[in-house]
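Novice: Below you'll find the structure I mean.
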Amino acid sequence: MYEEKTRKIQINWKSLLIKLAILLVVIFLVVWIVSLFNRDKENASNFGTNLATMRDAATEYFTGSRLPSEANDSTRITLGEMFDRNLLVEFQDENGNPCDTEESYAEATKIDEENYRIEVRLVCENDSDTIINTVKRQVTDSDNNVTDDEGNDPIIDDDTNDDIIDDNEDSSDQMNQGSSNNQGSNQSGSNNSGSNSNSNNNSNNNNSNSSNNNNGNNNHNNGNNTNSNTCTYGKKEYATTYPLAYVVSGNCAVSTSSISGSHANSATKVGNAEYTKLVKETANLEANTGANLVVSNPQYTKILNKAGTGYVGYQIYFSVKQKINSYATKTIYSYYLDQNGNRKVIIDNRSSLDNSNNNENQIHVTSVTINRSSLTLDVGDTYTLSATVKPTNATNKTVSWSSSNTSVVSVSSNGKVTAKGEGRATITATADGKKDTVTVKVNDDGYIEFEESKVTLDVGDTYRIDYDTNLSGKVSWSSSNTKVATVSSSGRITAKKEGTATITATINGKSDTIRVTVEEEGYLRILDDDYLVVFVGNSYTLDVDTNLDDLTFQSSDTSIATVNSNGTIRVKKVGGVTITVRSGKYQDTIRIYCQELSFFD
């Protein structure tokens with residue numbers, strides 16, 4: 001009886017082990033499937049983040065003159081170009097492979113005067129997607145902010161809120177002698193950890209100098225505006241202690257609507273030219289010091305006249321920041337630009353970068369010598385000064401130029417002096433803390449000067465001439481050939497027919513001229529048949545008839561067929577594709593049918 005019970009409770013170990021093995025396999029499969037699902041979610045999230053980042057960078061990039069000027073026109077930047085221009089930090093797909101830098105792109109298309117479509121496409125090895133957004137025109141907005149205008153490869157600032165000039169001041173703030181701008185400078189200095197004291201001292205000193213300069217400007221303008229009734233929106237009397245980089249032509253202020261178009265474009269041209277110089281300087285500074293530096297986009301502010309009745313120009317603010325870590329920056333160099341290209345520095349701690357990077361290896365400047373001790377010019381004359389820096393192997397030999405009175409004489413970053421008004425001014429050359437000066441005397445001599453010496457128009461185009469003068473009175477206009485181009489009493493040119501004409505402006509016996517070239521209206525046509533078949537593996541070059549330059553070709557689907565800059569199409573696979581050729585506002589398209597080449601026995 002006992003032996004019978006013992007046999008009944010024996011365990012079948014072989015069967016149990018088989019069941020455990022099956023259970024472990026099932027658990028492994030479940031864990032593996034869940035990990036795949038989570039990885040797919042992670043990959044999808046990573047791809048979506050990169051696509052959204054491209055969209056944000058494209059929206060910041062496509063502003064001002066980077067936007068197409070005509071309805072339905074488009075302009076494109078590839079992902080590779082966005083990486084090259086530091087608009088984006090280079091990223092990869094989930095497998096560590098780079099995304100397609102040519103097939104991935106951002107494209108802006110003008111819908112109407114107020115709206116643009118931003119299309120962003122990201123193509124990686126395992127994923128591809130497109131985002132299309134409609135954005136408002138961003139040359140100037142409802143608060144009169146001016147954004148970046150020309151394609152000078154701006155570096156997008158990672159901390160743009162630190163140094164943005166407040167452009168929401170009302171007219172009473174503008175009339176408060178630049179108090180708002182002092183806030184802007186203090187805000188810039190607040191990021192300069194460890195250097196606030198120096199920053200504030202620089203700011204205060206600069207306020208004093210700028211105030212003196214503007215007093216000179218105001219006196220000069222008051223002399224020209226003897227009759228306020230001739231200025232619809234009031235005299236052009238500045239209401240700020242900081243300098244203006246762009247000032248509207250003439251002696252009168254303009255209305256808030258008049259400054260939103262061509263004036264904004266002129267201001268951004270000034271800003272971008274200076275921005276390009278600053279980017280190059282900063283790159284050299286990075287190479288010499290090893291610091292991680294970022295150049296912020298120029299910040300623009302419209303300035304009212306003292307009466308608060310009209311605008312007189314733009315302030316433009318520039319700054320360079322040092323990245324301390326992933327989350328913090330500090331401003332090491334900031335300044336305003338005046339209308340003559342001079343920098344009015346607020347913060348300058350660039351030398352501290354040398355001290356923080358092996359100062360014992362730095363060779364400092366011992367002397368700066370200008371090639372002239374004095375200089376006499378007439379109003380309108382120019383002269384380029386030069387400065388000798390010793391020793392010749394100094395680490396930082398960069399020379400900066402400044403004028404004590406920009407209403408009398410201005411000086412550019414390369415030492416070019418321009419006589420603006422009667423009086424005396426001191427020009428200073430500085431390098432690594434060492435400086436030298438030259439006194440410039442300017443004799444009075446009336447002038448009127450065009451901002452351009454020549455212009456090219458198509459038949460039917462109009463163009464308003466901008467000029468500068470220190471004379472008062474009515475300007476008379478004339479054209480040497482009214483059949484080619486006429487000019488109105490306000491200086492607006494109208495192109496009549498192909499040819500050349502010289503437009504002359506005269507005031508009180510002083511005059512200046514501009515040469516106008518009128519060309520035939522452009523044309524662009526693809527001469528090939530509307531139904532064009534190209535076989536897979538073959539190529540075909542389009543026949544384009546045009547009188548335009550700078551043609552660009554684009555394929556609607558590069559996976560089917562590509563087209564190079566010469567208009568040669570290369571077919572990859574079967575399908576249909578549209579090829580577009582553009583030049584400025586002109587374009588034409590053709591549909592290509594891609595087929596396999598078949599052979600029959």
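Residue numbering restarts at 1 in every chain; chains get A, B, ... in the order shown in the structure tokens, and ligands count up from 1 in that same order.
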Residues at most 7 Å from region 408-424 of chain A, counting only C-alpha atoms, excluding those fewer than 5 positions away in the same chain, as an MDAnalysis selection string?
Specialist: chainID A and resid 340:342 377:386 400:403 440:444
Novice: For region 446-460 of chain A, list every protein, DNA or RNA residue within 8 Å, evaluated using only C-alpha atoms, and leave out those in the same chain fewer than 2 positions away; present the list as JSON, numbers by chain.
Specialist: {"A": [379, 380, 444, 462, 465, 466, 467, 468, 469, 470, 471, 494, 495, 496, 497, 498, 506, 507, 510, 511, 512, 513, 514, 515, 516, 517, 518, 519, 520, 521, 522]}
Novice: Could you check the closest approach to Phe47 (chain A) for each of A:Thr589, A:Cys124, A:Arg464, A:Glu107 and tell me which residue wins, using only C-alpha atoms?
Specialist: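 Checking each candidate against Phe47 (chain A), we get A:Cys124 as the closest.
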Novice: Closest to Thr101 (chain A) among A:Met54, A:Ile118, A:Gly271, A:Val581, using only C-alpha atoms?
Specialist: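 Ranking A:Met54, A:Ile118, A:Gly271, A:Val581 by distance to Thr101 (chain A), first place goes to A:Met54.
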Novice: Looking only at strand (DSSP E) from DSSP on the backbone, list the matching residues of region 428-595 of chain A as JSON, numbers by chain.
Specialist: {"A": [428, 429, 430, 431, 434, 435, 436, 437, 438, 439, 440, 441, 442, 443, 448, 449, 450, 454, 455, 456, 457, 458, 462, 463, 464, 467, 468, 469, 476, 477, 478, 479, 485, 486, 487, 492, 493, 494, 495, 499, 500, 501, 502, 503, 504, 505, 506, 507, 510, 511, 512, 513, 514, 515, 516, 517, 518, 519, 524, 525, 526, 531, 532, 533, 534, 535, 539, 540, 541, 544, 545, 546, 552, 553, 554, 555, 561, 562, 563, 568, 569, 570, 571, 575, 576, 577, 578, 579, 580, 581, 582, 583, 586, 587, 588, 589, 590, 591, 592, 593, 594, 595]}
Novice: Using only C-alpha atoms for the distances, tell me which of A:Ser69, A:Thr502, A:Gln595, A:Thr552 is nearest to Thr109 (chain A).
Specialist: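 Smallest distance to Thr109 (chain A) is found for A:Ser69.
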Novice: Mind giving me the straight-line distance from CA of Pro298 (chain A) to CA of Asp84 (chain A) in Å, one decimal?
Specialist: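 Here the two named atoms are 19.9 Å from each other.
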Novice: Between A:Val487, A:Leu23, A:Leu51, A:Ile569, which has the minimum distance to Arg121 (chain A) (counting only C-alpha atoms)?
Specialist: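 Of all the options, A:Leu51 lies closest to Arg121 (chain A).
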